[in-house]
file upload-v6.cif (mmCIF, C-alpha atoms; chains and numbers go by the auth columns)
data_upload
loop_
_atom_site.group_PDB
_atom_site.id
_atom_site.type_symbol
_atom_site.label_atom_id
_atom_site.label_comp_id
_atom_site.label_asym_id
_atom_site.label_seq_id
_atom_site.Cartn_x
_atom_site.Cartn_y
_atom_site.Cartn_z
_atom_site.B_iso_or_equiv
_atom_site.auth_seq_id
_atom_site.auth_asym_id
ATOM 1 C CA MET A 1 -17.043 9.257 -33.760 0.00 142 I
ATOM 2 C CA SER A 2 -15.049 11.483 -31.426 0.00 143 I
ATOM 3 C CA THR A 3 -11.345 12.288 -31.251 0.00 144 I
ATOM 4 C CA THR A 4 -9.372 11.491 -28.095 0.00 145 I
ATOM 5 C CA PRO A 5 -10.234 14.207 -25.566 0.00 146 I
ATOM 6 C CA GLU A 6 -7.489 16.538 -24.300 0.00 147 I
ATOM 7 C CA ILE A 7 -6.353 16.066 -20.698 0.00 148 I
ATOM 8 C CA PRO A 8 -8.331 18.640 -18.667 0.00 149 I
ATOM 9 C CA ALA A 9 -6.422 21.018 -16.332 0.00 150 I
ATOM 10 C CA GLU A 10 -8.346 19.558 -13.389 0.00 151 I
ATOM 11 C CA LEU A 11 -6.976 16.091 -14.189 0.00 152 I
ATOM 12 C CA THR A 12 -3.417 17.460 -14.280 0.00 153 I
ATOM 13 C CA ARG A 13 -3.996 19.077 -10.874 0.00 154 I
ATOM 14 C CA LEU A 14 -5.370 15.876 -9.356 0.00 155 I
ATOM 15 C CA ARG A 15 -2.496 13.829 -10.782 0.00 156 I
ATOM 16 C CA ALA A 16 0.039 16.174 -9.134 0.00 157 I
ATOM 17 C CA SER A 17 -1.669 15.510 -5.778 0.00 158 I
ATOM 18 C CA ILE A 18 -1.651 11.760 -6.444 0.00 159 I
ATOM 19 C CA ASP A 19 2.074 11.909 -7.269 0.00 160 I
ATOM 20 C CA ASN A 20 2.772 13.735 -3.985 0.00 161 I
ATOM 21 C CA LEU A 21 0.752 11.213 -2.023 0.00 162 I
ATOM 22 C CA ASP A 22 2.547 8.323 -3.770 0.00 163 I
ATOM 23 C CA ALA A 23 5.945 9.773 -2.838 0.00 164 I
ATOM 24 C CA ALA A 24 4.776 9.980 0.790 0.00 165 I
ATOM 25 C CA LEU A 25 3.406 6.410 0.637 0.00 166 I
ATOM 26 C CA VAL A 26 6.696 5.073 -0.735 0.00 167 I
ATOM 27 C CA HIS A 27 8.663 6.751 2.049 0.00 168 I
ATOM 28 C CA LEU A 28 6.315 5.479 4.751 0.00 169 I
ATOM 29 C CA LEU A 29 6.478 1.976 3.273 0.00 170 I
ATOM 30 C CA ALA A 30 10.290 2.193 3.244 0.00 171 I
ATOM 31 C CA GLU A 31 10.211 3.112 6.943 0.00 172 I
ATOM 32 C CA ARG A 32 7.695 0.330 7.676 0.00 173 I
ATOM 33 C CA PHE A 33 9.969 -2.255 6.038 0.00 174 I
ATOM 34 C CA ARG A 34 12.923 -0.891 8.034 0.00 175 I
ATOM 35 C CA CYS A 35 10.906 -1.700 11.165 0.00 176 I
ATOM 36 C CA THR A 36 9.764 -5.120 9.983 0.00 177 I
ATOM 37 C CA GLN A 37 13.324 -5.928 8.902 0.00 178 I
ATOM 38 C CA GLN A 38 14.392 -5.331 12.520 0.00 179 I
ATOM 39 C CA VAL A 39 11.424 -7.416 13.698 0.00 180 I
ATOM 40 C CA GLY A 40 12.551 -10.212 11.374 0.00 181 I
ATOM 41 C CA VAL A 41 16.092 -10.217 12.745 0.00 182 I
ATOM 42 C CA LEU A 42 14.763 -10.113 16.310 0.00 183 I
ATOM 43 C CA LYS A 43 12.324 -12.984 15.689 0.00 184 I
ATOM 44 C CA ALA A 44 15.001 -15.113 14.049 0.00 185 I
ATOM 45 C CA THR A 45 17.380 -14.390 16.944 0.00 186 I
ATOM 46 C CA VAL A 46 14.943 -15.366 19.707 0.00 187 I
ATOM 47 C CA GLY A 47 13.344 -18.154 17.675 0.00 188 I
ATOM 48 C CA LEU A 48 9.884 -16.650 17.149 0.00 189 I
ATOM 49 C CA PRO A 49 8.074 -17.770 13.955 0.00 190 I
ATOM 50 C CA PRO A 50 7.882 -15.215 11.063 0.00 191 I
ATOM 51 C CA SER A 51 4.068 -15.227 11.144 0.00 192 I
ATOM 52 C CA ASP A 52 1.966 -14.220 14.190 0.00 193 I
ATOM 53 C CA PRO A 53 -1.749 -14.773 13.453 0.00 194 I
ATOM 54 C CA ALA A 54 -2.962 -13.145 16.708 0.00 195 I
ATOM 55 C CA ARG A 55 -0.984 -9.947 16.043 0.00 196 I
ATOM 56 C CA GLU A 56 -2.191 -9.923 12.416 0.00 197 I
ATOM 57 C CA GLU A 57 -5.813 -10.235 13.492 0.00 198 I
ATOM 58 C CA GLN A 58 -5.362 -7.254 15.856 0.00 199 I
ATOM 59 C CA GLN A 59 -3.783 -5.238 13.039 0.00 200 I
ATOM 60 C CA MET A 60 -6.574 -6.133 10.590 0.00 201 I
ATOM 61 C CA SER A 61 -9.270 -5.184 13.075 0.00 202 I
ATOM 62 C CA ARG A 62 -7.582 -1.866 13.967 0.00 203 I
ATOM 63 C CA LEU A 63 -6.967 -0.939 10.314 0.00 204 I
ATOM 64 C CA ARG A 64 -10.558 -1.705 9.358 0.00 205 I
ATOM 65 C CA GLU A 65 -11.704 0.763 12.048 0.00 206 I
ATOM 66 C CA LEU A 66 -9.153 3.424 11.073 0.00 207 I
ATOM 67 C CA ALA A 67 -10.126 3.004 7.414 0.00 208 I
ATOM 68 C CA ALA A 68 -13.827 3.424 8.170 0.00 209 I
ATOM 69 C CA GLU A 69 -13.090 6.638 10.110 0.00 210 I
ATOM 70 C CA ALA A 70 -10.894 7.967 7.285 0.00 211 I
ATOM 71 C CA GLY A 71 -13.436 7.174 4.552 0.00 212 I
ATOM 72 C CA LEU A 72 -11.355 4.353 3.052 0.00 213 I
ATOM 73 C CA ASP A 73 -13.117 1.100 2.094 0.00 214 I
ATOM 74 C CA PRO A 74 -12.359 -1.206 5.077 0.00 215 I
ATOM 75 C CA VAL A 75 -12.314 -4.236 2.745 0.00 216 I
ATOM 76 C CA PHE A 76 -9.618 -2.542 0.689 0.00 217 I
ATOM 77 C CA ALA A 77 -7.659 -1.627 3.863 0.00 218 I
ATOM 78 C CA GLU A 78 -7.743 -5.307 4.834 0.00 219 I
ATOM 79 C CA LYS A 79 -6.535 -6.388 1.378 0.00 220 I
ATOM 80 C CA PHE A 80 -3.794 -3.740 1.611 0.00 221 I
ATOM 81 C CA LEU A 81 -2.536 -4.997 4.969 0.00 222 I
ATOM 82 C CA GLY A 82 -2.677 -8.588 3.721 0.00 223 I
ATOM 83 C CA PHE A 83 -0.585 -7.549 0.717 0.00 224 I
ATOM 84 C CA ILE A 84 2.023 -5.885 2.977 0.00 225 I
ATOM 85 C CA ILE A 85 2.105 -8.717 5.515 0.00 226 I
ATOM 86 C CA ALA A 86 2.610 -11.321 2.771 0.00 227 I
ATOM 87 C CA GLU A 87 5.728 -9.402 1.705 0.00 228 I
ATOM 88 C CA VAL A 88 6.927 -9.053 5.302 0.00 229 I
ATOM 89 C CA ILE A 89 6.519 -12.789 5.960 0.00 230 I
ATOM 90 C CA ARG A 90 8.460 -13.578 2.768 0.00 231 I
ATOM 91 C CA ASN A 91 11.263 -11.309 4.031 0.00 232 I
ATOM 92 C CA HIS A 92 11.159 -12.804 7.538 0.00 233 I
ATOM 93 C CA GLY A 93 11.381 -16.314 6.122 0.00 234 I
ATOM 94 C CA THR A 94 14.502 -15.276 4.208 0.00 235 I
ATOM 95 C CA ILE A 95 16.023 -13.671 7.328 0.00 236 I
ATOM 96 C CA ALA A 96 15.269 -16.800 9.400 0.00 237 I
ATOM 97 C CA GLN A 97 16.918 -19.024 6.771 0.00 238 I
ATOM 98 C CA ARG A 98 20.043 -16.820 6.803 0.00 239 I
ATOM 99 C CA ALA A 99 20.309 -16.547 10.604 0.00 240 I
ATOM 100 C CA THR A 100 22.468 -18.890 12.633 0.00 241 I
ATOM 101 C CA ILE A 101 20.400 -19.595 15.693 0.00 242 I
ATOM 102 C CA PRO A 102 21.609 -21.841 18.566 0.00 243 I
ATOM 103 C CA ASP A 103 19.146 -24.747 19.085 0.00 244 I
ATOM 104 C CA ALA A 104 17.035 -23.599 16.104 0.00 245 I
ATOM 105 C CA MET B 1 12.110 -28.789 23.180 0.00 277 S
ATOM 106 C CA SER B 2 11.595 -25.128 24.029 0.00 278 S
ATOM 107 C CA THR B 3 8.605 -23.229 25.353 0.00 279 S
ATOM 108 C CA THR B 4 7.137 -20.348 23.345 0.00 280 S
ATOM 109 C CA PRO B 5 9.435 -17.349 23.879 0.00 281 S
ATOM 110 C CA GLU B 6 8.089 -14.215 25.580 0.00 282 S
ATOM 111 C CA ILE B 7 7.597 -11.150 23.363 0.00 283 S
ATOM 112 C CA PRO B 8 10.749 -9.048 23.831 0.00 284 S
ATOM 113 C CA ALA B 9 10.376 -5.345 24.770 0.00 285 S
ATOM 114 C CA GLU B 10 12.159 -4.419 21.543 0.00 286 S
ATOM 115 C CA LEU B 11 9.462 -6.198 19.525 0.00 287 S
ATOM 116 C CA THR B 12 6.744 -4.283 21.387 0.00 288 S
ATOM 117 C CA ARG B 13 8.545 -1.010 20.604 0.00 289 S
ATOM 118 C CA LEU B 14 8.879 -1.849 16.901 0.00 290 S
ATOM 119 C CA ARG B 15 5.235 -2.886 16.687 0.00 291 S
ATOM 120 C CA ALA B 16 4.162 0.494 18.117 0.00 292 S
ATOM 121 C CA SER B 17 6.126 2.201 15.317 0.00 293 S
ATOM 122 C CA ILE B 18 4.570 -0.114 12.716 0.00 294 S
ATOM 123 C CA ASP B 19 1.089 0.695 14.068 0.00 295 S
ATOM 124 C CA ASN B 20 1.793 4.442 13.785 0.00 296 S
ATOM 125 C CA LEU B 21 3.073 4.031 10.235 0.00 297 S
ATOM 126 C CA ASP B 22 0.018 1.944 9.313 0.00 298 S
ATOM 127 C CA ALA B 23 -2.319 4.654 10.611 0.00 299 S
ATOM 128 C CA ALA B 24 -0.457 7.194 8.464 0.00 300 S
ATOM 129 C CA LEU B 25 -0.591 4.856 5.439 0.00 301 S
ATOM 130 C CA VAL B 26 -4.348 4.356 5.825 0.00 302 S
ATOM 131 C CA HIS B 27 -4.948 8.110 5.960 0.00 303 S
ATOM 132 C CA LEU B 28 -2.741 8.759 2.919 0.00 304 S
ATOM 133 C CA LEU B 29 -4.502 5.980 1.025 0.00 305 S
ATOM 134 C CA ALA B 30 -7.866 7.477 1.973 0.00 306 S
ATOM 135 C CA GLU B 31 -6.723 10.834 0.574 0.00 307 S
ATOM 136 C CA ARG B 32 -5.335 9.142 -2.562 0.00 308 S
ATOM 137 C CA PHE B 33 -8.685 7.463 -3.230 0.00 309 S
ATOM 138 C CA ARG B 34 -10.461 10.801 -2.686 0.00 310 S
ATOM 139 C CA CYS B 35 -8.286 12.152 -5.524 0.00 311 S
ATOM 140 C CA THR B 36 -8.781 9.141 -7.797 0.00 312 S
ATOM 141 C CA GLN B 37 -12.521 9.228 -7.106 0.00 313 S
ATOM 142 C CA GLN B 38 -12.526 12.793 -8.496 0.00 314 S
ATOM 143 C CA VAL B 39 -10.381 11.613 -11.423 0.00 315 S
ATOM 144 C CA GLY B 40 -12.920 8.851 -12.092 0.00 316 S
ATOM 145 C CA VAL B 41 -15.842 11.274 -12.170 0.00 317 S
ATOM 146 C CA LEU B 42 -13.885 13.667 -14.402 0.00 318 S
ATOM 147 C CA LYS B 43 -12.872 10.893 -16.817 0.00 319 S
ATOM 148 C CA ALA B 44 -16.410 9.572 -17.025 0.00 320 S
ATOM 149 C CA THR B 45 -17.722 13.109 -17.640 0.00 321 S
ATOM 150 C CA VAL B 46 -15.324 13.921 -20.472 0.00 322 S
ATOM 151 C CA GLY B 47 -15.321 10.379 -21.864 0.00 323 S
ATOM 152 C CA LEU B 48 -11.728 9.368 -21.050 0.00 324 S
ATOM 153 C CA PRO B 49 -11.162 5.618 -20.473 0.00 325 S
ATOM 154 C CA PRO B 50 -10.615 4.479 -16.832 0.00 326 S
ATOM 155 C CA SER B 51 -7.160 3.118 -17.655 0.00 327 S
ATOM 156 C CA ASP B 52 -4.273 5.213 -19.019 0.00 328 S
ATOM 157 C CA PRO B 53 -1.259 2.978 -19.790 0.00 329 S
ATOM 158 C CA ALA B 54 1.108 5.887 -20.610 0.00 330 S
ATOM 159 C CA ARG B 55 0.376 7.615 -17.295 0.00 331 S
ATOM 160 C CA GLU B 56 0.735 4.297 -15.428 0.00 332 S
ATOM 161 C CA GLU B 57 4.131 3.654 -17.020 0.00 333 S
ATOM 162 C CA GLN B 58 5.302 7.134 -15.915 0.00 334 S
ATOM 163 C CA GLN B 59 4.052 6.446 -12.376 0.00 335 S
ATOM 164 C CA MET B 60 5.754 3.031 -12.257 0.00 336 S
ATOM 165 C CA SER B 61 9.048 4.449 -13.452 0.00 337 S
ATOM 166 C CA ARG B 62 8.945 7.362 -10.989 0.00 338 S
ATOM 167 C CA LEU B 63 7.994 5.147 -8.034 0.00 339 S
ATOM 168 C CA ARG B 64 10.766 2.668 -8.805 0.00 340 S
ATOM 169 C CA GLU B 65 13.268 5.560 -8.624 0.00 341 S
ATOM 170 C CA LEU B 66 11.745 7.002 -5.435 0.00 342 S
ATOM 171 C CA ALA B 67 11.750 3.532 -3.868 0.00 343 S
ATOM 172 C CA ALA B 68 15.403 2.946 -4.703 0.00 344 S
ATOM 173 C CA GLU B 69 16.329 6.302 -3.139 0.00 345 S
ATOM 174 C CA ALA B 70 14.273 5.527 -0.015 0.00 346 S
ATOM 175 C CA GLY B 71 15.731 2.025 0.399 0.00 347 S
ATOM 176 C CA LEU B 72 12.489 0.251 -0.553 0.00 348 S
ATOM 177 C CA ASP B 73 12.673 -2.719 -2.939 0.00 349 S
ATOM 178 C CA PRO B 74 11.717 -1.180 -6.342 0.00 350 S
ATOM 179 C CA VAL B 75 10.065 -4.449 -7.387 0.00 351 S
ATOM 180 C CA PHE B 76 7.839 -4.262 -4.324 0.00 352 S
ATOM 181 C CA ALA B 77 7.066 -0.574 -5.038 0.00 353 S
ATOM 182 C CA GLU B 78 5.963 -1.593 -8.524 0.00 354 S
ATOM 183 C CA LYS B 79 3.763 -4.408 -7.165 0.00 355 S
ATOM 184 C CA PHE B 80 2.322 -1.932 -4.640 0.00 356 S
ATOM 185 C CA LEU B 81 1.396 0.615 -7.309 0.00 357 S
ATOM 186 C CA GLY B 82 -0.075 -2.153 -9.472 0.00 358 S
ATOM 187 C CA PHE B 83 -2.196 -3.252 -6.507 0.00 359 S
ATOM 188 C CA ILE B 84 -3.476 0.309 -5.951 0.00 360 S
ATOM 189 C CA ILE B 85 -4.090 1.010 -9.647 0.00 361 S
ATOM 190 C CA ALA B 86 -6.070 -2.219 -10.042 0.00 362 S
ATOM 191 C CA GLU B 87 -8.402 -0.993 -7.279 0.00 363 S
ATOM 192 C CA VAL B 88 -8.619 2.491 -8.823 0.00 364 S
ATOM 193 C CA ILE B 89 -9.512 1.074 -12.254 0.00 365 S
ATOM 194 C CA ARG B 90 -12.202 -1.111 -10.675 0.00 366 S
ATOM 195 C CA ASN B 91 -13.642 2.019 -9.019 0.00 367 S
ATOM 196 C CA HIS B 92 -13.403 4.066 -12.237 0.00 368 S
ATOM 197 C CA GLY B 93 -15.181 1.342 -14.176 0.00 369 S
ATOM 198 C CA THR B 94 -18.004 1.483 -11.632 0.00 370 S
ATOM 199 C CA ILE B 95 -18.161 5.290 -11.853 0.00 371 S
ATOM 200 C CA ALA B 96 -18.211 5.144 -15.678 0.00 372 S
ATOM 201 C CA GLN B 97 -21.040 2.595 -15.625 0.00 373 S
ATOM 202 C CA ARG B 98 -23.046 4.856 -13.300 0.00 374 S
ATOM 203 C CA ALA B 99 -22.420 8.070 -15.252 0.00 375 S
ATOM 204 C CA THR B 100 -24.714 9.273 -18.004 0.00 376 S
ATOM 205 C CA ILE B 101 -22.352 10.520 -20.689 0.00 377 S
ATOM 206 C CA PRO B 102 -23.557 12.169 -23.920 0.00 378 S
ATOM 207 C CA ASP B 103 -22.113 10.396 -26.984 0.00 379 S
ATOM 208 C CA ALA B 104 -20.385 7.771 -24.800 0.00 380 S
#

call {"tool": "encode", "arguments": {"input": "upload-v6.cif", "output": "structure tokens"}}
result
Amino acid sequence: MSTTPEIPAELTRLRASIDNLDAALVHLLAERFRCTQQVGVLKATVGLPPSDPAREEQQMSRLRELAAEAGLDPVFAEKFLGFIIAEVIRNHGTIAQRATIPDA
Amino acid sequence: MSTTPEIPAELTRLRASIDNLDAALVHLLAERFRCTQQVGVLKATVGLPPSDPAREEQQMSRLRELAAEAGLDPVFAEKFLGFIIAEVIRNHGTIAQRATIPDA
């Protein structure tokens, strides 16, 4: 039987890096949603549907390639983008419902 | 009945920004998983469990605050971190299974 091990200094160091990266990720995601919010308003205004399968397929394909180059699991990158896009489409649907669009 | 609208120039501009942000996100995620990969090896070596609920609660709480400051939905930030951590724990479990740990 062993006692709970102490947290090694190396783990503390790695966690500080992870916390920095998470702060950067949160700020980039905030900026991304600022862009997609504008896209949502624009789409609702001109009557484009919230979802665009052709654009999403291009994004998936590009992110898989970027992920492979960066050493990130491309399957995970695809799941990640799917996770983000699902949220964006939910937001766009809400924007479209709120918008008053002539002939829509 | 209306024809499919053309893609407005503004939408093209916003999509270029989104693509740049996605490239940055993929590279940050790649770096984050490089860190958590090292954490996984370290934990397996010293016999720490893959999951650490106290650390995760600290991360959740911090990210919710950072998200609120950055104008990102804190609930989404929490879902995002949960999504990432689930992947990390899967990877750590795999690392732990592969590692040969004395007394583990």

call {"tool": "residues_around", "arguments": {"input": "upload-v6.cif", "residues": "stretch 188-204 of chain I", "least_positions_apart": "3", "cutoff": "6 Å", "atoms": "only C-alpha atoms", "output": "MDAnalysis selection string"}}
result
chainID I and resid 184:185 207:208 219 230 233

call {"tool": "residues_around", "arguments": {"input": "upload-v6.cif", "residues": "I:Gly212", "least_positions_apart": "4", "cutoff": "12 Å", "atoms": "all atoms listed in the file", "output": "JSON, numbers by chain"}}
result
{"I": [204, 205, 206, 207, 208, 216, 217, 218], "S": [302, 303, 304, 305, 306, 307, 308, 309, 310, 313]}

call {"tool": "write_last_selection", "arguments": {"input": "upload-v6.cif", "atoms": "C-alpha atoms", "output": "tab-separated table (two decimals), in the coordinates of the input"}}
result
chain	number	residue	atom	x	y	z
I	204	LEU	CA	-6.97	-0.94	10.31
I	205	ARG	CA	-10.56	-1.70	9.36
I	206	GLU	CA	-11.70	0.76	12.05
I	207	LEU	CA	-9.15	3.42	11.07
I	208	ALA	CA	-10.13	3.00	7.41
I	216	VAL	CA	-12.31	-4.24	2.74
I	217	PHE	CA	-9.62	-2.54	0.69
I	218	ALA	CA	-7.66	-1.63	3.86
S	302	VAL	CA	-4.35	4.36	5.82
S	303	HIS	CA	-4.95	8.11	5.96
S	304	LEU	CA	-2.74	8.76	2.92
S	305	LEU	CA	-4.50	5.98	1.02
S	306	ALA	CA	-7.87	7.48	1.97
S	307	GLU	CA	-6.72	10.83	0.57
S	308	ARG	CA	-5.34	9.14	-2.56
S	309	PHE	CA	-8.68	7.46	-3.23
S	310	ARG	CA	-10.46	10.80	-2.69
S	313	GLN	CA	-12.52	9.23	-7.11

call {"tool": "resolve_selection", "arguments": {"input": "upload-v6.cif", "expression": "the PyMOL selection byres ((chain I and resi 153-155) around 12)", "output": "PyMOL selection string"}}
result
(chain I and resi 147-152+156-162) or (chain S and resi 307-319+331)

call {"tool": "atom_distance", "arguments": {"input": "upload-v6.cif", "atom1": "atom CA of I:Ile226", "atom2": "atom CA of S:Ala299"}}
result
15.0 Å

call {"tool": "atom_distance", "arguments": {"input": "upload-v6.cif", "atom1": "atom CA of S:Glu363", "atom2": "atom CA of S:Ala346"}}
result
24.7 Å

call {"tool": "atom_distance", "arguments": {"input": "upload-v6.cif", "atom1": "atom CA of S:Thr370", "atom2": "atom CA of S:Asp298"}}
result
27.6 Å

call {"tool": "closest_residue", "arguments": {"input": "upload-v6.cif", "among": "S:Gly369, S:Ala344, S:Leu301, S:Ala362", "to": "chain I", "atoms": "all atoms listed in the file"}}
result
S:Leu301

call {"tool": "closest_residue", "arguments": {"input": "upload-v6.cif", "among": "S:Leu348, S:Asn367, S:Ile360, S:Ala300", "to": "chain I", "atoms": "only C-alpha atoms"}}
result
S:Leu348

call {"tool": "decode", "arguments": {"input": "upload-v6.cif", "residues": "stretch 298-353 of chain S", "atoms": "C-alpha atoms", "output": "CSV table (one decimal), in the first residue's frame"}}
result
chain,number,residue,atom,x,y,z
S,298,ASP,CA,-8.9,28.3,-36.4
S,299,ALA,CA,-5.3,27.8,-37.5
S,300,ALA,CA,-4.1,29.5,-34.3
S,301,LEU,CA,-6.5,27.3,-32.2
S,302,VAL,CA,-5.2,24.1,-33.8
S,303,HIS,CA,-1.6,25.1,-33.1
S,304,LEU,CA,-2.4,26.0,-29.4
S,305,LEU,CA,-4.3,22.8,-29.0
S,306,ALA,CA,-1.3,20.9,-30.4
S,307,GLU,CA,1.0,22.6,-27.9
S,308,ARG,CA,-1.6,21.9,-25.1
S,309,PHE,CA,-1.6,18.2,-25.9
S,310,ARG,CA,2.2,18.1,-26.0
S,311,CYS,CA,2.1,19.4,-22.4
S,312,THR,CA,-0.6,16.9,-21.3
S,313,GLN,CA,1.2,14.1,-23.0
S,314,GLN,CA,4.2,14.9,-20.8
S,315,VAL,CA,1.8,15.1,-17.8
S,316,GLY,CA,0.4,11.7,-18.7
S,317,VAL,CA,3.9,10.1,-18.8
S,318,LEU,CA,4.9,11.8,-15.5
S,319,LYS,CA,1.6,10.7,-13.8
S,320,ALA,CA,2.1,7.1,-15.0
S,321,THR,CA,5.7,7.1,-13.9
S,322,VAL,CA,5.0,8.3,-10.3
S,323,GLY,CA,1.7,6.5,-10.1
S,324,LEU,CA,-0.7,9.4,-10.0
S,325,PRO,CA,-4.2,8.7,-11.4
S,326,PRO,CA,-5.0,10.2,-14.9
S,327,SER,CA,-7.9,12.2,-13.5
S,328,ASP,CA,-7.5,14.9,-10.8
S,329,PRO,CA,-11.0,16.3,-9.9
S,330,ALA,CA,-9.6,19.1,-7.6
S,331,ARG,CA,-7.3,20.4,-10.4
S,332,GLU,CA,-10.2,20.2,-12.9
S,333,GLU,CA,-12.5,22.2,-10.6
S,334,GLN,CA,-9.8,24.9,-10.3
S,335,GLN,CA,-9.4,25.0,-14.1
S,336,MET,CA,-13.2,25.2,-14.7
S,337,SER,CA,-13.5,28.0,-12.2
S,338,ARG,CA,-10.6,30.0,-13.7
S,339,LEU,CA,-11.8,29.5,-17.3
S,340,ARG,CA,-15.3,30.6,-16.4
S,341,GLU,CA,-13.9,33.8,-15.1
S,342,LEU,CA,-11.5,34.3,-18.0
S,343,ALA,CA,-14.4,33.6,-20.4
S,344,ALA,CA,-16.7,36.2,-18.7
S,345,GLU,CA,-13.9,38.8,-19.0
S,346,ALA,CA,-13.3,38.0,-22.6
S,347,GLY,CA,-17.0,38.1,-23.6
S,348,LEU,CA,-17.2,34.3,-24.1
S,349,ASP,CA,-20.2,32.4,-22.7
S,350,PRO,CA,-18.8,30.9,-19.5
S,351,VAL,CA,-21.1,27.8,-19.9
S,352,PHE,CA,-19.6,27.2,-23.3
S,353,ALA,CA,-16.1,27.7,-21.9
